[in-house]
$ cat data05.txt   # compact mmCIF, C-alpha atoms
# COMPACT_ATOMS: atom_id res chain seq x y z
CA MET A 1 23.77 -13.38 -2.45
CA ALA A 2 25.15 -12.24 0.85
CA GLU A 3 23.52 -9.15 2.32
CA ASP A 4 26.79 -7.19 2.16
CA LYS A 5 27.11 -7.93 -1.60
CA PHE A 6 23.49 -7.11 -2.43
CA PRO A 7 22.52 -3.75 -0.94
CA GLY A 8 18.77 -4.38 -1.21
CA TRP A 9 15.86 -2.71 -2.90
CA HIS A 10 14.39 0.43 -1.40
CA GLY A 11 12.09 3.12 -2.47
CA THR A 12 8.38 3.19 -2.06
CA THR A 13 6.06 5.45 -0.23
CA ILE A 14 2.37 4.64 -0.24
CA ILE A 15 -0.28 6.63 1.61
CA GLY A 16 -4.00 6.12 2.10
CA VAL A 17 -6.19 9.01 3.29
CA ARG A 18 -9.89 8.68 4.16
CA ARG A 19 -11.91 11.90 4.33
CA GLY A 20 -15.29 13.23 3.26
CA GLY A 21 -16.70 9.91 2.05
CA GLU A 22 -13.75 9.01 -0.14
CA VAL A 23 -10.37 7.35 0.16
CA VAL A 24 -7.30 8.29 -1.85
CA VAL A 25 -4.31 6.00 -2.21
CA ALA A 26 -1.16 7.59 -3.60
CA GLY A 27 2.22 6.06 -4.32
CA ASP A 28 5.49 7.41 -5.60
CA GLY A 29 7.40 5.94 -8.51
CA GLN A 30 10.88 5.36 -7.13
CA VAL A 31 12.71 2.06 -6.96
CA SER A 32 16.28 2.17 -5.67
CA LEU A 33 19.02 -0.41 -5.42
CA GLY A 34 21.34 0.68 -2.68
CA GLN A 35 22.04 4.33 -3.37
CA THR A 36 21.10 4.21 -7.05
CA VAL A 37 17.68 5.02 -8.47
CA ILE A 38 16.83 2.13 -10.79
CA LYS A 39 13.43 3.43 -11.88
CA GLY A 40 11.56 6.62 -11.13
CA THR A 41 8.19 5.86 -12.70
CA ALA A 42 7.08 2.56 -11.16
CA ARG A 43 3.32 2.16 -10.65
CA LYS A 44 2.65 0.80 -7.16
CA VAL A 45 -1.02 1.73 -6.82
CA ARG A 46 -3.62 -0.36 -8.64
CA ARG A 47 -7.37 -0.61 -8.95
CA ILE A 48 -8.75 -4.13 -9.05
CA ARG A 49 -12.35 -5.20 -9.62
CA PRO A 50 -12.92 -8.70 -8.22
CA GLY A 51 -16.56 -9.75 -8.15
CA GLY A 52 -17.56 -6.41 -9.67
CA HIS A 53 -16.50 -4.39 -6.62
CA ASP A 54 -13.74 -1.76 -6.92
CA VAL A 55 -10.80 -2.05 -4.54
CA VAL A 56 -7.71 0.17 -4.60
CA CYS A 57 -4.39 -1.33 -3.47
CA GLY A 58 -0.96 0.17 -2.91
CA PHE A 59 2.10 -1.93 -2.20
CA ALA A 60 5.56 -1.55 -0.77
CA GLY A 61 8.32 -4.13 -0.85
CA SER A 62 9.26 -6.65 -3.47
CA THR A 63 7.17 -6.15 -6.61
CA ALA A 64 6.87 -9.85 -7.40
CA ASP A 65 5.86 -10.57 -3.81
CA ALA A 66 3.32 -7.75 -3.84
CA PHE A 67 1.75 -9.02 -7.08
CA THR A 68 1.52 -12.50 -5.59
CA LEU A 69 -0.35 -11.03 -2.62
CA LEU A 70 -2.60 -8.93 -4.85
CA GLU A 71 -3.55 -12.03 -6.84
CA ARG A 72 -4.35 -13.89 -3.60
CA LEU A 73 -6.41 -10.94 -2.36
CA GLU A 74 -8.36 -10.89 -5.63
CA LYS A 75 -9.20 -14.57 -5.18
CA LYS A 76 -10.34 -13.96 -1.61
CA LEU A 77 -12.53 -11.08 -2.78
CA GLU A 78 -14.02 -13.18 -5.58
CA ALA A 79 -14.97 -15.76 -2.94
CA ALA A 80 -16.44 -13.08 -0.66
CA PRO A 81 -17.56 -10.21 -2.96
CA GLY A 82 -17.84 -6.84 -1.25
CA GLN A 83 -16.37 -8.15 2.02
CA LEU A 84 -12.98 -6.49 2.15
CA ALA A 85 -12.38 -7.05 5.88
CA ARG A 86 -13.09 -10.77 5.58
CA ALA A 87 -10.88 -11.13 2.50
CA CYS A 88 -8.02 -9.27 4.23
CA VAL A 89 -8.23 -11.43 7.36
CA ASP A 90 -8.32 -14.59 5.24
CA LEU A 91 -5.27 -13.41 3.27
CA ALA A 92 -3.42 -12.51 6.50
CA LYS A 93 -4.12 -16.00 7.88
CA ASP A 94 -2.76 -17.62 4.73
CA TRP A 95 0.21 -15.25 4.71
CA ARG A 96 1.16 -16.30 8.25
CA MET A 97 0.53 -20.02 7.89
CA ASP A 98 1.66 -20.88 4.35
CA LYS A 99 5.40 -21.62 4.09
CA TYR A 100 5.66 -20.02 0.64
CA LEU A 101 3.65 -16.90 1.48
CA ARG A 102 5.44 -16.42 4.80
CA ASN A 103 8.62 -15.55 2.91
CA LEU A 104 7.02 -12.78 0.85
CA GLU A 105 8.41 -9.33 1.61
CA ALA A 106 5.72 -6.77 0.95
CA MET A 107 3.05 -4.71 2.66
CA LEU A 108 -0.29 -3.58 1.28
CA ILE A 109 -2.72 -0.72 1.81
CA VAL A 110 -6.17 -1.71 0.57
CA THR A 111 -9.51 0.09 0.48
CA ASP A 112 -12.97 -0.29 -0.95
CA GLY A 113 -13.82 3.34 -0.21
CA ARG A 114 -15.41 2.44 3.11
CA ASP A 115 -12.73 0.40 4.88
CA LEU A 116 -9.01 1.15 4.86
CA PHE A 117 -6.51 -1.52 5.94
CA VAL A 118 -2.77 -2.14 6.14
CA LEU A 119 -1.78 -5.78 5.65
CA THR A 120 1.59 -7.09 6.81
CA GLY A 121 3.46 -10.38 6.62
CA ALA A 122 3.22 -10.67 10.38
CA GLY A 123 -0.47 -11.45 9.94
CA ASP A 124 -1.66 -7.96 10.78
CA VAL A 125 -4.79 -6.41 9.34
CA LEU A 126 -4.65 -2.90 10.73
CA GLU A 127 -7.29 -0.21 10.44
CA PRO A 128 -5.36 3.03 10.84
CA GLU A 129 -6.09 5.64 13.44
CA ASN A 130 -6.89 9.16 12.28
CA ASP A 131 -7.96 7.90 8.80
CA VAL A 132 -4.38 7.87 7.47
CA ALA A 133 -2.15 4.89 6.66
CA ALA A 134 1.33 4.90 5.15
CA ILE A 135 3.89 2.22 4.31
CA GLY A 136 7.28 1.97 2.67
CA SER A 137 10.63 3.70 3.00
CA GLY A 138 9.12 7.18 3.29
CA GLY A 139 5.93 6.01 4.98
CA ASN A 140 6.64 7.57 8.36
CA TYR A 141 7.37 10.96 6.78
CA ALA A 142 4.18 10.86 4.72
CA LEU A 143 2.17 9.66 7.72
CA ALA A 144 3.41 12.48 9.95
CA ALA A 145 2.74 15.08 7.26
CA ALA A 146 -0.75 13.75 6.52
CA ARG A 147 -1.72 13.63 10.17
CA GLY A 148 -0.75 17.28 10.47
CA LEU A 149 -2.67 18.14 7.30
CA MET A 150 -5.80 16.38 8.59
CA THR A 151 -6.32 19.40 10.87
CA THR A 152 -6.94 21.55 7.78
CA GLU A 153 -9.96 21.71 5.47
CA LEU A 154 -8.12 19.99 2.60
CA ASP A 155 -9.86 17.10 0.84
CA ALA A 156 -8.40 13.56 0.87
CA GLU A 157 -6.55 13.93 -2.43
CA SER A 158 -4.95 17.23 -1.43
CA VAL A 159 -3.82 15.78 1.91
CA ALA A 160 -2.31 12.75 0.16
CA ARG A 161 -0.54 14.81 -2.51
CA LYS A 162 0.89 17.34 -0.04
CA ALA A 163 2.00 14.60 2.37
CA MET A 164 3.74 12.76 -0.46
CA ALA A 165 5.47 15.99 -1.55
CA ILE A 166 6.77 16.48 1.99
CA ALA A 167 7.98 12.86 2.13
CA ALA A 168 9.72 13.27 -1.24
CA ASP A 169 11.54 16.35 0.07
CA ILE A 170 12.83 14.43 3.11
CA CYS A 171 13.27 10.77 2.10
CA VAL A 172 15.88 9.91 -0.52
CA TYR A 173 13.90 6.76 -1.36
CA THR A 174 10.76 8.73 -2.33
CA ASN A 175 10.12 10.82 -5.44
CA GLY A 176 7.33 13.05 -6.71
CA ASN A 177 6.13 10.82 -9.58
CA LEU A 178 2.73 9.95 -8.13
CA THR A 179 0.07 7.47 -9.04
CA VAL A 180 -3.17 8.49 -7.36
CA GLU A 181 -6.39 6.46 -7.19
CA LYS A 182 -9.57 7.77 -5.60
CA ILE A 183 -12.52 5.65 -4.51
CA SER A 184 -15.79 6.64 -2.87
CA ALA A 185 -17.65 4.70 -0.23
CA PRO A 186 -20.10 2.23 -1.81

$ encode --input "data05.txt" --output "structure tokens"
Amino acid sequence: MAEDKFPGWHGTTIIGVRRGGEVVVAGDGQVSLGQTVIKGTARKVRRIRPGGHDVVCGFAGSTADAFTLLERLEKKLEAAPGQLARACVDLAKDWRMDKYLRNLEAMLIVTDGRDLFVLTGAGDVLEPENDVAAIGSGGNYALAAARGLMTTELDAESVARKAMAIAADICVYTNGNLTVEKISAP
């Protein structure tokens, strides 16, 4: 469909906060089509266990595309158990070079409790500065709030929850229905 006839999907805010030996990934539940909320309780944060190692992933963008990427990441982690950085780089290479994958429209935040990365379709594997990463429609609002909250004594989960609440108050594509996963450094 033409872009002017199909207003596009919006509505995801995912944040990852690393603090005190743990990482928390939180995501809201909103999916919007144009200016209409289609679903308010989507689950965009998942825990996977490839090769017996826990990894927490949050995704923004097309759900089908994100699940395709999560499946590919799981395969990479099964081939290199416990090596999140290597698996992410391998996935990013495939994402850039494979004609099918190149068209996927999603971003991921992934963590094993030690490392925290943002993966993009441009082939980026980014380790965030200041131990905070955020993606999606309300990502910049959540990121700004979390960076400010990192100056407090709050734990990772409290920073993530408060930052998401601030983003939900500002961004019309973000709601307060959170899925939160916590993982400690191995």

$ closest_residue --input "data05.txt" --among "A:Thr13, A:Gln83, A:Val37, A:Leu108" --to "Leu70 of chain A" --atoms "only C-alpha atoms"
A:Leu108

$ residues_around --input "data05.txt" --residues "Gly20 of chain A" --least-positions-apart "2" --cutoff "8 Å" --atoms "only C-alpha atoms" --output "NGL selection string"
:A and (18 or 22 or 155-156)

$ closest_residue --input "data05.txt" --among "A:Gln35, A:Gln30, A:Thr179, A:Thr12" --to "Val56 of chain A" --atoms "all atoms listed in the file"
A:Thr179

$ closest_residue --input "data05.txt" --among "A:Leu119, A:Val55, A:Leu178, A:Ala160" --to "Thr41 of chain A" --atoms "all atoms listed in the file"
A:Leu178

$ residues_near_point --input "data05.txt" --point "(-3.4, 17.2, 7.5)" --cutoff "12 Å" --atoms "all atoms listed in the file" --output "count of residues only"
30

$ closest_residue --input "data05.txt" --among "A:Ile38, A:Ile48, A:Ala66, A:Ile135" --to "Ala26 of chain A" --atoms "only C-alpha atoms"
A:Ile135

$ residues_around --input "data05.txt" --residues "Thr120 of chain A" --least-positions-apart "5" --cutoff "9 Å" --atoms "all atoms listed in the file" --output "number ranges by chain"
A: 92, 95, 105-108, 125-126

$ closest_residue --input "data05.txt" --among "A:Gly176, A:Pro81, A:Gly136, A:Gly121" --to "Gly40 of chain A" --atoms "only C-alpha atoms"
A:Gly176

$ residues_around --input "data05.txt" --residues "Asp54 of chain A" --least-positions-apart "3" --cutoff "10 Å" --atoms "all atoms listed in the file" --output "ChimeraX atom specification"
/A:47-51,57,82,111-113,183-184,186

$ write_last_selection --input "data05.txt" --atoms "C-alpha atoms" --output "mmCIF file, keeping the file's coordinate frame"
data_model
loop_
_atom_site.group_PDB
_atom_site.id
_atom_site.type_symbol
_atom_site.label_atom_id
_atom_site.label_comp_id
_atom_site.auth_asym_id
_atom_site.auth_seq_id
_atom_site.Cartn_x
_atom_site.Cartn_y
_atom_site.Cartn_z
ATOM 1 C CA ARG A 47 -7.370 -0.610 -8.950
ATOM 2 C CA ILE A 48 -8.750 -4.130 -9.050
ATOM 3 C CA ARG A 49 -12.350 -5.200 -9.620
ATOM 4 C CA PRO A 50 -12.920 -8.700 -8.220
ATOM 5 C CA GLY A 51 -16.560 -9.750 -8.150
ATOM 6 C CA CYS A 57 -4.390 -1.330 -3.470
ATOM 7 C CA GLY A 82 -17.840 -6.840 -1.250
ATOM 8 C CA THR A 111 -9.510 0.090 0.480
ATOM 9 C CA ASP A 112 -12.970 -0.290 -0.950
ATOM 10 C CA GLY A 113 -13.820 3.340 -0.210
ATOM 11 C CA ILE A 183 -12.520 5.650 -4.510
ATOM 12 C CA SER A 184 -15.790 6.640 -2.870
ATOM 13 C CA PRO A 186 -20.100 2.230 -1.810
#

$ atom_distance --input "data05.txt" --atom1 "atom CA of Ala79 of chain A" --atom2 "atom CA of Asp65 of chain A"
21.5 Å
